[in-house]
file run27.txt (compact mmCIF, C-alpha atoms (C1' of nucleotides))
# COMPACT_ATOMS: atom_id res chain seq x y z
CA MET W 1 -38.32 -7.97 44.82
CA LEU W 2 -39.58 -8.57 41.30
CA THR W 3 -42.30 -6.60 39.57
CA THR W 4 -45.59 -8.22 38.67
CA SER W 5 -44.63 -8.08 35.00
CA THR W 6 -41.41 -9.95 35.66
CA LYS W 7 -43.23 -12.60 37.64
CA TYR W 8 -45.62 -13.07 34.73
CA ALA W 9 -42.65 -13.31 32.39
CA ILE W 10 -40.94 -15.99 34.46
CA LYS W 11 -44.11 -18.03 34.73
CA ALA W 12 -44.66 -17.78 31.00
CA VAL W 13 -41.12 -18.82 30.12
CA LEU W 14 -41.23 -21.79 32.45
CA PHE W 15 -44.58 -22.88 31.12
CA LEU W 16 -43.30 -22.66 27.57
CA ALA W 17 -40.17 -24.56 28.54
CA LEU W 18 -42.35 -27.35 29.84
CA HIS W 19 -45.05 -27.48 27.20
CA SER W 20 -43.67 -26.25 23.91
CA ASP W 21 -40.95 -26.70 21.39
CA GLU W 22 -40.21 -25.81 17.79
CA ASN W 23 -42.92 -28.18 16.58
CA ASP W 24 -45.52 -27.52 19.23
CA LYS W 25 -45.89 -23.83 19.65
CA LEU W 26 -48.33 -22.33 22.08
CA MET W 27 -50.65 -19.44 21.46
CA VAL W 28 -51.40 -16.93 24.17
CA LYS W 29 -54.99 -18.13 24.41
CA ASP W 30 -53.76 -21.67 25.03
CA PHE W 31 -52.04 -21.00 28.32
CA PHE W 32 -52.82 -17.64 29.88
CA GLU W 33 -55.29 -19.32 32.20
CA ALA W 34 -52.86 -22.05 33.21
CA ILE W 35 -50.39 -19.50 34.54
CA ASN W 36 -53.04 -17.10 35.77
CA VAL W 37 -51.99 -14.02 33.83
CA PRO W 38 -54.36 -11.62 32.03
CA LYS W 39 -54.50 -12.66 28.40
CA GLU W 40 -53.79 -9.37 26.66
CA TYR W 41 -51.11 -8.47 29.11
CA LEU W 42 -49.39 -11.79 28.64
CA ALA W 43 -49.38 -11.09 24.91
CA LYS W 44 -47.56 -7.84 25.52
CA ILE W 45 -44.99 -9.47 27.75
CA LEU W 46 -44.31 -12.30 25.32
CA GLN W 47 -43.85 -9.76 22.56
CA GLU W 48 -41.19 -8.06 24.62
CA LEU W 49 -39.49 -11.32 25.52
CA SER W 50 -39.51 -12.34 21.88
CA LYS W 51 -37.99 -9.05 20.78
CA LYS W 52 -35.23 -9.52 23.33
CA GLY W 53 -34.55 -13.09 22.24
CA VAL W 54 -35.67 -14.73 25.47
CA VAL W 55 -38.46 -16.69 23.82
CA SER W 56 -39.05 -17.60 20.18
CA SER W 57 -42.14 -16.95 18.16
CA SER W 58 -43.59 -17.26 14.69
CA ARG W 59 -46.58 -15.58 13.11
CA GLY W 60 -49.43 -16.91 11.09
CA PRO W 61 -51.24 -20.23 11.19
CA LYS W 62 -49.44 -22.87 13.24
CA GLY W 63 -47.56 -20.00 14.80
CA GLY W 64 -47.19 -19.16 18.46
CA PHE W 65 -44.53 -18.99 21.13
CA TYR W 66 -41.98 -21.59 22.14
CA LEU W 67 -38.55 -21.99 23.64
CA SER W 68 -35.72 -23.06 21.38
CA SER W 69 -33.02 -25.15 23.00
CA LYS W 70 -30.91 -22.03 22.90
CA ASN W 71 -33.60 -20.11 24.79
CA LYS W 72 -33.67 -22.83 27.42
CA LYS W 73 -30.00 -22.36 28.13
CA LEU W 74 -30.48 -18.73 29.15
CA PRO W 75 -30.09 -17.81 32.80
CA LEU W 76 -33.09 -16.51 34.73
CA ILE W 77 -31.53 -13.07 34.94
CA SER W 78 -32.08 -12.57 31.24
CA ILE W 79 -35.83 -12.74 31.76
CA VAL W 80 -35.62 -10.10 34.45
CA GLU W 81 -33.39 -7.92 32.31
CA ALA W 82 -35.67 -8.19 29.32
CA ILE W 83 -38.61 -6.88 31.32
CA GLU W 84 -37.26 -4.44 33.85
CA GLY W 85 -33.71 -3.79 32.73
CA ARG W 86 -30.55 -4.58 34.60
CA HIS W 87 -30.28 -1.37 36.53
CA ARG W 88 -33.07 -1.95 38.99
CA LEU W 89 -31.50 -5.08 40.42
CA GLN W 90 -28.05 -3.79 40.99
CA SER W 91 -28.61 -0.19 42.00
CA CYS W 92 -28.12 0.98 45.55
CA VAL W 93 -30.86 0.05 48.03
CA LEU W 94 -31.27 3.65 49.01
CA SER W 95 -30.94 4.84 45.40
CA ILE W 96 -27.83 6.81 46.24
CA ASN W 97 -25.88 7.30 43.05
CA GLU W 98 -22.43 7.56 44.53
CA CYS W 99 -22.86 4.33 46.48
CA ASP W 100 -20.45 1.52 45.62
CA ASN W 101 -18.01 -0.78 47.34
CA ASP W 102 -15.47 1.98 47.85
CA ASN W 103 -17.99 4.46 49.12
CA PRO W 104 -20.77 2.33 50.59
CA CYS W 105 -24.04 3.72 51.87
CA VAL W 106 -25.28 2.76 55.33
CA LEU W 107 -27.23 -0.17 54.06
CA HIS W 108 -24.72 -1.30 51.48
CA ASP W 109 -23.10 -4.03 53.53
CA LEU W 110 -26.31 -4.91 55.31
CA VAL W 111 -28.08 -5.67 52.07
CA GLY W 112 -25.10 -6.51 49.93
CA ASN W 113 -25.01 -10.13 50.95
CA ALA W 114 -28.62 -10.85 50.20
CA LYS W 115 -28.47 -9.02 46.92
CA THR W 116 -25.29 -10.76 45.85
CA ILE W 117 -26.76 -14.17 46.57
CA PHE W 118 -29.93 -13.27 44.76
CA LEU W 119 -28.12 -12.04 41.67
CA LYS W 120 -25.74 -14.96 41.69
CA ASN W 121 -28.60 -17.42 41.76
CA PHE W 122 -30.38 -15.68 38.93
CA GLU W 123 -27.21 -15.51 36.88
CA GLU W 124 -26.26 -19.12 37.38
CA THR W 125 -29.60 -20.86 37.13
CA THR W 126 -30.83 -21.57 33.63
CA VAL W 127 -34.40 -22.15 32.53
CA GLU W 128 -33.43 -25.70 31.70
CA ARG W 129 -32.24 -26.27 35.23
CA LEU W 130 -35.48 -25.00 36.72
CA ILE W 131 -37.45 -27.37 34.58
CA GLU W 132 -35.74 -30.21 36.41
CA SER W 133 -36.99 -28.80 39.71
CA ILE W 134 -40.49 -28.69 38.38
CA LYS W 135 -40.29 -32.29 37.28
CA GLU W 136 -39.16 -33.09 40.80
CA GLY W 137 -42.35 -31.64 42.21
CA LYS W 138 -41.94 -27.90 42.61
CA VAL W 139 -45.04 -25.98 41.70
CA LEU W 140 -45.30 -23.42 38.98
CA MET K 1 -36.41 -4.59 46.84
CA LEU K 2 -37.79 -1.68 48.82
CA THR K 3 -40.33 0.82 47.58
CA THR K 4 -39.36 4.44 47.08
CA SER K 5 -41.49 5.41 50.06
CA THR K 6 -39.64 2.96 52.29
CA LYS K 7 -36.29 4.26 51.13
CA TYR K 8 -37.40 7.78 52.00
CA ALA K 9 -38.55 6.55 55.38
CA ILE K 10 -35.22 4.90 56.16
CA LYS K 11 -33.27 7.96 55.12
CA ALA K 12 -35.49 10.18 57.25
CA VAL K 13 -35.21 7.98 60.32
CA LEU K 14 -31.43 7.78 60.03
CA PHE K 15 -31.13 11.51 59.55
CA LEU K 16 -33.27 12.14 62.60
CA ALA K 17 -31.25 9.64 64.58
CA LEU K 18 -28.11 11.60 63.74
CA HIS K 19 -29.35 15.13 64.08
CA SER K 20 -32.20 15.28 66.52
CA ASP K 21 -33.28 14.41 70.00
CA GLU K 22 -35.99 15.33 72.47
CA ASN K 23 -34.55 18.82 72.84
CA ASP K 24 -33.60 19.47 69.26
CA LYS K 25 -36.46 18.51 67.06
CA LEU K 26 -36.34 18.87 63.31
CA MET K 27 -39.05 20.26 61.11
CA VAL K 28 -39.68 18.83 57.68
CA LYS K 29 -38.43 21.99 56.02
CA ASP K 30 -35.16 21.69 57.90
CA PHE K 31 -33.99 18.48 56.35
CA PHE K 32 -35.97 17.39 53.30
CA GLU K 33 -33.22 18.77 51.08
CA ALA K 34 -30.46 17.07 53.01
CA ILE K 35 -31.95 13.65 52.34
CA ASN K 36 -33.24 14.52 48.89
CA VAL K 37 -36.91 13.73 49.42
CA PRO K 38 -39.82 15.88 48.20
CA LYS K 39 -40.91 18.07 51.09
CA GLU K 40 -44.64 17.38 51.17
CA TYR K 41 -44.15 13.70 50.59
CA LEU K 42 -41.64 13.50 53.41
CA ALA K 43 -44.24 15.11 55.65
CA LYS K 44 -46.70 12.36 54.78
CA ILE K 45 -44.20 9.65 55.45
CA LEU K 46 -43.15 11.09 58.79
CA GLN K 47 -46.78 11.37 59.78
CA GLU K 48 -47.20 7.68 59.10
CA LEU K 49 -44.02 6.75 60.95
CA SER K 50 -45.13 8.85 63.87
CA LYS K 51 -48.54 7.19 63.98
CA LYS K 52 -46.85 3.79 64.02
CA GLY K 53 -44.46 4.81 66.78
CA VAL K 54 -41.30 4.60 64.70
CA VAL K 55 -40.46 8.27 65.16
CA SER K 56 -41.65 10.80 67.73
CA SER K 57 -43.16 14.19 67.06
CA SER K 58 -44.71 17.19 68.72
CA ARG K 59 -46.85 19.97 67.31
CA GLY K 60 -46.68 23.71 67.61
CA PRO K 61 -43.75 26.07 68.09
CA LYS K 62 -40.50 24.31 68.94
CA GLY K 63 -42.17 21.20 67.67
CA GLY K 64 -40.98 18.82 64.98
CA PHE K 65 -39.78 15.25 64.60
CA TYR K 66 -37.14 13.41 66.55
CA LEU K 67 -36.10 9.95 67.65
CA SER K 68 -36.52 9.05 71.28
CA SER K 69 -33.98 6.63 72.66
CA LYS K 70 -36.74 4.05 72.50
CA ASN K 71 -37.23 4.79 68.79
CA LYS K 72 -33.52 4.30 68.21
CA LYS K 73 -33.66 0.82 69.59
CA LEU K 74 -36.13 -0.33 66.94
CA PRO K 75 -34.94 -2.71 64.24
CA LEU K 76 -34.90 -1.54 60.64
CA ILE K 77 -37.70 -3.92 59.78
CA SER K 78 -40.13 -1.83 61.79
CA ILE K 79 -39.59 1.08 59.39
CA VAL K 80 -40.35 -1.17 56.44
CA GLU K 81 -43.40 -2.60 58.17
CA ALA K 82 -44.73 0.83 59.05
CA ILE K 83 -44.68 1.90 55.42
CA GLU K 84 -45.38 -1.15 53.32
CA GLY K 85 -46.62 -3.71 55.80
CA ARG K 86 -45.05 -7.03 56.58
CA HIS K 87 -46.69 -9.11 53.91
CA ARG K 88 -44.82 -7.77 50.91
CA LEU K 89 -41.45 -8.87 52.21
CA GLN K 90 -42.33 -12.40 53.07
CA SER K 91 -44.73 -13.45 50.36
CA CYS K 92 -43.81 -15.87 47.57
CA VAL K 93 -41.57 -14.47 44.80
CA LEU K 94 -44.01 -15.63 42.18
CA SER K 95 -47.02 -14.58 44.26
CA ILE K 96 -48.26 -18.14 44.42
CA ASN K 97 -50.50 -18.41 47.45
CA GLU K 98 -50.00 -22.06 48.18
CA CYS K 99 -46.24 -21.67 48.17
CA ASP K 100 -44.45 -22.49 51.41
CA ASN K 101 -41.66 -24.68 52.67
CA ASP K 102 -43.73 -27.84 52.37
CA ASN K 103 -44.99 -27.01 48.91
CA PRO K 104 -42.34 -24.77 47.42
CA CYS K 105 -42.65 -23.02 44.09
CA VAL K 106 -39.89 -23.32 41.51
CA LEU K 107 -38.11 -20.25 42.75
CA HIS K 108 -38.71 -20.82 46.45
CA ASP K 109 -35.35 -22.37 47.24
CA LEU K 110 -33.53 -20.25 44.70
CA VAL K 111 -34.66 -17.04 46.33
CA GLY K 112 -35.24 -18.28 49.84
CA ASN K 113 -31.67 -17.83 50.94
CA ALA K 114 -31.34 -14.28 49.82
CA LYS K 115 -34.69 -13.36 51.30
CA THR K 116 -33.92 -15.02 54.62
CA ILE K 117 -30.62 -13.18 54.93
CA PHE K 118 -32.25 -9.91 54.00
CA LEU K 119 -35.02 -10.29 56.56
CA LYS K 120 -32.64 -11.46 59.24
CA ASN K 121 -30.44 -8.40 58.76
CA PHE K 122 -33.39 -6.07 58.91
CA GLU K 123 -34.74 -7.76 62.00
CA GLU K 124 -31.46 -7.75 63.85
CA THR K 125 -30.05 -4.36 62.97
CA THR K 126 -31.30 -1.43 64.98
CA VAL K 127 -31.30 2.21 63.99
CA GLU K 128 -28.81 2.83 66.77
CA ARG K 129 -26.45 0.30 65.31
CA LEU K 130 -26.58 1.88 61.87
CA ILE K 131 -25.70 5.25 63.31
CA GLU K 132 -22.39 3.73 64.34
CA SER K 133 -21.72 2.76 60.71
CA ILE K 134 -22.41 6.28 59.60
CA LYS K 135 -20.01 7.68 62.16
CA GLU K 136 -17.46 5.24 60.78
CA GLY K 137 -17.80 6.79 57.34
CA LYS K 138 -20.75 5.21 55.56
CA VAL K 139 -22.73 7.68 53.54
CA LEU K 140 -26.35 8.46 54.05
C1' DT M 1 -53.18 -16.28 -4.80
C1' DA M 2 -56.93 -15.68 -1.45
C1' DT M 3 -57.91 -16.71 3.12
C1' DA M 4 -57.63 -17.24 7.81
C1' DA M 5 -54.66 -17.52 11.72
C1' DA M 6 -51.37 -15.85 14.47
C1' DA M 7 -47.97 -12.36 16.54
C1' DA M 8 -46.63 -7.29 16.36
C1' DA M 9 -47.67 -2.65 17.15
C1' DG M 10 -49.89 1.08 18.95
C1' DA M 11 -53.76 3.48 21.23
C1' DT M 12 -56.46 3.70 25.19
C1' DG M 13 -58.23 2.72 29.94
C1' DT M 14 -57.64 1.61 34.94
C1' DT M 15 -55.28 1.30 39.33
C1' DT M 16 -51.53 2.11 42.37
C1' DT M 17 -47.83 4.80 43.77
C1' DT M 18 -45.80 9.04 44.22
C1' DG M 19 -46.22 13.82 44.96
C1' DT M 20 -48.75 18.43 46.14
C1' DC M 21 -51.88 21.49 48.45
C1' DC M 22 -54.71 23.38 51.95
C1' DG M 23 -57.48 23.79 56.06
C1' DA M 24 -57.90 21.87 60.92
C1' DA M 25 -56.01 20.76 65.37
C1' DA M 26 -52.54 21.24 68.77
C1' DT M 27 -49.15 23.82 71.51
C1' DG M 28 -45.38 26.87 73.16
C1' DT M 29 -44.73 31.87 74.05
C1' DG M 30 -45.68 36.80 74.84
C1' DC T 1 -55.85 34.56 76.04
C1' DA T 2 -54.13 35.65 71.28
C1' DC T 3 -50.97 34.38 68.08
C1' DA T 4 -47.68 32.18 65.42
C1' DT T 5 -45.89 27.78 64.48
C1' DT T 6 -45.91 23.18 63.69
C1' DT T 7 -47.85 18.49 62.81
C1' DC T 8 -52.20 16.12 61.28
C1' DG T 9 -55.66 14.84 57.98
C1' DG T 10 -57.96 14.78 53.90
C1' DA T 11 -58.52 16.04 49.11
C1' DC T 12 -56.45 16.47 44.85
C1' DA T 13 -52.84 15.87 40.83
C1' DA T 14 -49.27 13.51 38.18
C1' DA T 15 -46.71 9.60 36.90
C1' DA T 16 -45.89 4.83 36.60
C1' DA T 17 -47.48 0.19 36.44
C1' DC T 18 -50.86 -2.84 35.01
C1' DA T 19 -54.39 -4.18 31.74
C1' DT T 20 -57.33 -4.06 27.53
C1' DC T 21 -58.67 -3.22 22.83
C1' DT T 22 -58.04 -2.49 17.88
C1' DT T 23 -55.47 -2.46 13.73
C1' DT T 24 -51.53 -4.03 10.96
C1' DT T 25 -48.23 -7.37 9.37
C1' DT T 26 -46.71 -11.89 8.51
C1' DT T 27 -47.32 -16.56 6.98
C1' DA T 28 -49.03 -21.41 6.33
C1' DT T 29 -52.12 -23.83 3.49
C1' DA T 30 -56.13 -24.67 0.65
call {"tool": "encode", "arguments": {"input": "run27.txt", "output": "structure tokens"}}
result
Amino acid sequence: MLTTSTKYAIKAVLFLALHSDENDKLMVKDFFEAINVPKEYLAKILQELSKKGVVSSSRGPKGGFYLSSKNKKLPLISIVEAIEGRHRLQSCVLSINECDNDNPCVLHDLVGNAKTIFLKNFEETTVERLIESIKEGKVL
Amino acid sequence: MLTTSTKYAIKAVLFLALHSDENDKLMVKDFFEAINVPKEYLAKILQELSKKGVVSSSRGPKGGFYLSSKNKKLPLISIVEAIEGRHRLQSCVLSINECDNDNPCVLHDLVGNAKTIFLKNFEETTVERLIESIKEGKVL
DNA sequence: TATAAAAAAGATGTTTTTGTCCGAAATGTG
DNA sequence: CACATTTCGGACAAAAACATCTTTTTTATA
């Protein structure tokens, strides 16, 4: 459903949303254990997310990663897109190029529903919104 | 959503359902091009499906692969299970072990719906049923 | 302005998935 | 029974995903 890298990315973003802001940045070494992601790999992923504008970062002493309030308003889908690109999520289940609503493959309708719901949720739910869930007891 | 191998498997099963039966078996070389799957890899996948009872096969001259009427009655999910096992489809989106309905992770509810619908469709739709769709114009 | 701290960038290593190849076992047919 | 044909099974190869390591660049602050 989501690649390992994307899962790591989501965990990282949510953790940052909860525990950082412009004045309290987090370094990789400060939280890789908390979210159970290999340290060096997390660094790579954050780099990518930063480049794509999904998280914020600053170098040097007192530097680190954090979520700006703008970052927090992004929908979940932007994390997925930053890591694995948009294509993967919306391409045909059977990877048939010509498949679309007008010329659906055998599984198109069968899977369409689930995929539509999934995408819709990821497009409509912001990081900010998820943080509420966490505060209401959902586990990260 | 589904691995490449599983997609190949589904295509192969559907093709066999359409073009083979006990008296007209198909050899790998007869249809790997039609479904656009690497020949040797398709052979491997069919072997696996055969071992798991999802497709039927016989060796030697006049041999090949086919779907028995029993095979055709199997739900789609059994193809997925044969290739990638059941676990992958139903495990937590964030791969959090403790995640379940009583102790949901942040994404559990968000994704739950889509996943439930997806699984339900794959459990309830048989190969036989899909063949009807194809005859009604859906592309394979 | 020198220093140390941090992310950025790039090179390298490992594992899993995908894909290929070849010999062994089975089986219908002359 | 001999033979050709086909799947079966295992070994091997290539590519992608996952992970680590090292060097460079930026920057706060002493």
call {"tool": "interface_residues", "arguments": {"input": "run27.txt", "of": "chain T", "to": "chain W", "cutoff": "10 Å", "atoms": "all atoms listed in the file", "output": "list in words"}}
result
DA17, DC18, DA19, DT20, DC21, DT25, DT26, DT27, DA28 and DT29 of chain T
call {"tool": "closest_atom_pairs", "arguments": {"input": "run27.txt", "of": "chain M", "to": "chain W", "cutoff": "7 Å", "atoms": "all atoms listed in the file", "output": "tab-separated table"}}
result
residue	atom	partner	partner_atom	distance
M:DA5	C1'	W:Pro61	CA	4.4
M:DA6	C1'	W:Gly60	CA	4.0
M:DA7	C1'	W:Arg59	CA	4.9
call {"tool": "atom_distance", "arguments": {"input": "run27.txt", "atom1": "atom CA of Ser78 of chain W", "atom2": "atom CA of Leu26 of chain W"}}
result
21.1 Å
call {"tool": "interface_residues", "arguments": {"input": "run27.txt", "of": "chain K", "to": "chain W", "cutoff": "8 Å", "atoms": "all atoms listed in the file", "output": "ChimeraX atom specification"}}
result
/K:1-2,7-8,11,93-95,99,103-106,110-111,113-115,117-118,121,130,133-134,138-140
call {"tool": "calpha_fit_and_write", "arguments": {"input": "run27.txt", "fixed": "chain W", "moving": "chain K", "output": "compact mmCIF listing (two decimals) with C-alpha atoms, keeping the file's coordinate frame"}}
result
# COMPACT_ATOMS: atom_id res chain seq x y z
CA MET K 1 -38.16 -7.96 44.73
CA LEU K 2 -39.42 -8.55 41.22
CA THR K 3 -42.10 -6.55 39.48
CA THR K 4 -45.41 -8.15 38.60
CA SER K 5 -44.49 -8.03 34.93
CA THR K 6 -41.27 -9.93 35.59
CA LYS K 7 -43.10 -12.56 37.59
CA TYR K 8 -45.50 -13.03 34.68
CA ALA K 9 -42.56 -13.30 32.33
CA ILE K 10 -40.86 -15.99 34.41
CA LYS K 11 -44.04 -18.00 34.71
CA ALA K 12 -44.62 -17.76 30.97
CA VAL K 13 -41.09 -18.81 30.08
CA LEU K 14 -41.21 -21.78 32.43
CA PHE K 15 -44.58 -22.86 31.12
CA LEU K 16 -43.33 -22.67 27.56
CA ALA K 17 -40.22 -24.59 28.51
CA LEU K 18 -42.41 -27.38 29.85
CA HIS K 19 -45.11 -27.49 27.24
CA SER K 20 -43.78 -26.29 23.94
CA ASP K 21 -41.08 -26.76 21.39
CA GLU K 22 -40.37 -25.91 17.78
CA ASN K 23 -43.11 -28.27 16.62
CA ASP K 24 -45.68 -27.58 19.28
CA LYS K 25 -46.02 -23.88 19.69
CA LEU K 26 -48.41 -22.33 22.15
CA MET K 27 -50.71 -19.43 21.51
CA VAL K 28 -51.41 -16.89 24.21
CA LYS K 29 -55.00 -18.05 24.51
CA ASP K 30 -53.81 -21.59 25.14
CA PHE K 31 -52.05 -20.94 28.39
CA PHE K 32 -52.79 -17.55 29.93
CA GLU K 33 -55.26 -19.20 32.29
CA ALA K 34 -52.86 -21.94 33.29
CA ILE K 35 -50.35 -19.41 34.59
CA ASN K 36 -52.96 -16.96 35.83
CA VAL K 37 -51.89 -13.91 33.85
CA PRO K 38 -54.26 -11.51 32.06
CA LYS K 39 -54.42 -12.57 28.43
CA GLU K 40 -53.69 -9.28 26.67
CA TYR K 41 -50.98 -8.39 29.11
CA LEU K 42 -49.32 -11.75 28.65
CA ALA K 43 -49.32 -11.07 24.92
CA LYS K 44 -47.44 -7.83 25.50
CA ILE K 45 -44.90 -9.47 27.71
CA LEU K 46 -44.27 -12.32 25.30
CA GLN K 47 -43.83 -9.82 22.51
CA GLU K 48 -41.14 -8.11 24.53
CA LEU K 49 -39.43 -11.38 25.44
CA SER K 50 -39.51 -12.40 21.82
CA LYS K 51 -37.96 -9.13 20.69
CA LYS K 52 -35.18 -9.60 23.22
CA GLY K 53 -34.56 -13.18 22.14
CA VAL K 54 -35.65 -14.80 25.39
CA VAL K 55 -38.46 -16.75 23.76
CA SER K 56 -39.08 -17.67 20.13
CA SER K 57 -42.22 -17.05 18.13
CA SER K 58 -43.73 -17.37 14.70
CA ARG K 59 -46.75 -15.71 13.15
CA GLY K 60 -49.69 -17.04 11.23
CA PRO K 61 -51.47 -20.39 11.36
CA LYS K 62 -49.64 -23.01 13.40
CA GLY K 63 -47.72 -20.14 14.86
CA GLY K 64 -47.29 -19.21 18.50
CA PHE K 65 -44.58 -19.03 21.14
CA TYR K 66 -42.05 -21.64 22.13
CA LEU K 67 -38.60 -22.04 23.62
CA SER K 68 -35.82 -23.14 21.33
CA SER K 69 -33.12 -25.23 22.94
CA LYS K 70 -30.98 -22.11 22.79
CA ASN K 71 -33.65 -20.17 24.71
CA LYS K 72 -33.69 -22.87 27.37
CA LYS K 73 -30.03 -22.42 28.03
CA LEU K 74 -30.48 -18.79 29.05
CA PRO K 75 -30.05 -17.85 32.70
CA LEU K 76 -33.03 -16.53 34.62
CA ILE K 77 -31.45 -13.11 34.84
CA SER K 78 -31.98 -12.61 31.13
CA ILE K 79 -35.75 -12.76 31.66
CA VAL K 80 -35.51 -10.11 34.36
CA GLU K 81 -33.26 -7.96 32.20
CA ALA K 82 -35.56 -8.22 29.21
CA ILE K 83 -38.48 -6.87 31.21
CA GLU K 84 -37.10 -4.44 33.74
CA GLY K 85 -33.55 -3.84 32.60
CA ARG K 86 -30.42 -4.58 34.53
CA HIS K 87 -30.13 -1.37 36.47
CA ARG K 88 -32.98 -1.92 38.90
CA LEU K 89 -31.45 -5.04 40.37
CA GLN K 90 -28.01 -3.71 41.01
CA SER K 91 -28.58 -0.13 42.07
CA CYS K 92 -28.16 1.08 45.65
CA VAL K 93 -30.94 0.11 48.09
CA LEU K 94 -31.36 3.70 49.12
CA SER K 95 -30.97 4.96 45.55
CA ILE K 96 -27.89 6.92 46.48
CA ASN K 97 -25.91 7.46 43.31
CA GLU K 98 -22.49 7.73 44.85
CA CYS K 99 -22.94 4.48 46.71
CA ASP K 100 -20.51 1.69 45.86
CA ASN K 101 -18.08 -0.62 47.58
CA ASP K 102 -15.56 2.15 48.18
CA ASN K 103 -18.14 4.59 49.47
CA PRO K 104 -20.91 2.43 50.85
CA CYS K 105 -24.21 3.76 52.12
CA VAL K 106 -25.49 2.73 55.54
CA LEU K 107 -27.40 -0.20 54.17
CA HIS K 108 -24.85 -1.27 51.59
CA ASP K 109 -23.23 -4.02 53.62
CA LEU K 110 -26.46 -4.95 55.33
CA VAL K 111 -28.18 -5.67 52.05
CA GLY K 112 -25.17 -6.48 49.93
CA ASN K 113 -25.05 -10.11 50.90
CA ALA K 114 -28.62 -10.86 50.13
CA LYS K 115 -28.45 -9.01 46.85
CA THR K 116 -25.25 -10.74 45.79
CA ILE K 117 -26.71 -14.17 46.49
CA PHE K 118 -29.88 -13.29 44.66
CA LEU K 119 -28.05 -12.06 41.58
CA LYS K 120 -25.66 -14.97 41.61
CA ASN K 121 -28.54 -17.46 41.66
CA PHE K 122 -30.29 -15.71 38.82
CA GLU K 123 -27.12 -15.55 36.78
CA GLU K 124 -26.20 -19.16 37.30
CA THR K 125 -29.55 -20.89 37.03
CA THR K 126 -30.81 -21.61 33.56
CA VAL K 127 -34.38 -22.17 32.48
CA GLU K 128 -33.43 -25.73 31.63
CA ARG K 129 -32.22 -26.31 35.14
CA LEU K 130 -35.45 -25.04 36.66
CA ILE K 131 -37.46 -27.40 34.53
CA GLU K 132 -35.74 -30.23 36.36
CA SER K 133 -36.98 -28.82 39.68
CA ILE K 134 -40.50 -28.72 38.37
CA LYS K 135 -40.31 -32.32 37.24
CA GLU K 136 -39.14 -33.12 40.76
CA GLY K 137 -42.33 -31.67 42.18
CA LYS K 138 -41.92 -27.92 42.56
CA VAL K 139 -45.03 -26.01 41.67
CA LEU K 140 -45.28 -23.44 38.97
call {"tool": "atom_distance", "arguments": {"input": "run27.txt", "atom1": "atom CA of Leu16 of chain W", "atom2": "atom CA of Val37 of chain W"}}
result
13.8 Å
call {"tool": "atom_distance", "arguments": {"input": "run27.txt", "atom1": "atom CA of Ser68 of chain K", "atom2": "atom C1' of DT29 of chain M"}}
result
24.4 Å
call {"tool": "residues_around", "arguments": {"input": "run27.txt", "residues": "DG30 of chain M", "least_positions_apart": "5", "cutoff": "12 Å", "atoms": "all atoms listed in the file", "output": "list of chain:residue names"}}
result
T:DC1, T:DA2, T:DC3, T:DA4
call {"tool": "closest_residue", "arguments": {"input": "run27.txt", "among": "M:DG28, M:DA9, M:DC22, M:DT17", "to": "DT24 of chain T", "atoms": "all atoms listed in the file"}}
result
M:DA9
call {"tool": "axis_aligned_box", "arguments": {"input": "run27.txt", "around": "segment 9-18 of chain M", "padding_each_side": "4 Å", "output": "AutoDock Vina command-line options"}}
result
--center_x -52.0 --center_y 3.2 --center_z 30.7 --size_x 20.4 --size_y 19.7 --size_z 35.1
call {"tool": "closest_residue", "arguments": {"input": "run27.txt", "among": "W:Ile35, W:Ile79, W:Val54, W:Ala9", "to": "Tyr66 of chain W", "atoms": "all atoms listed in the file"}}
result
W:Val54
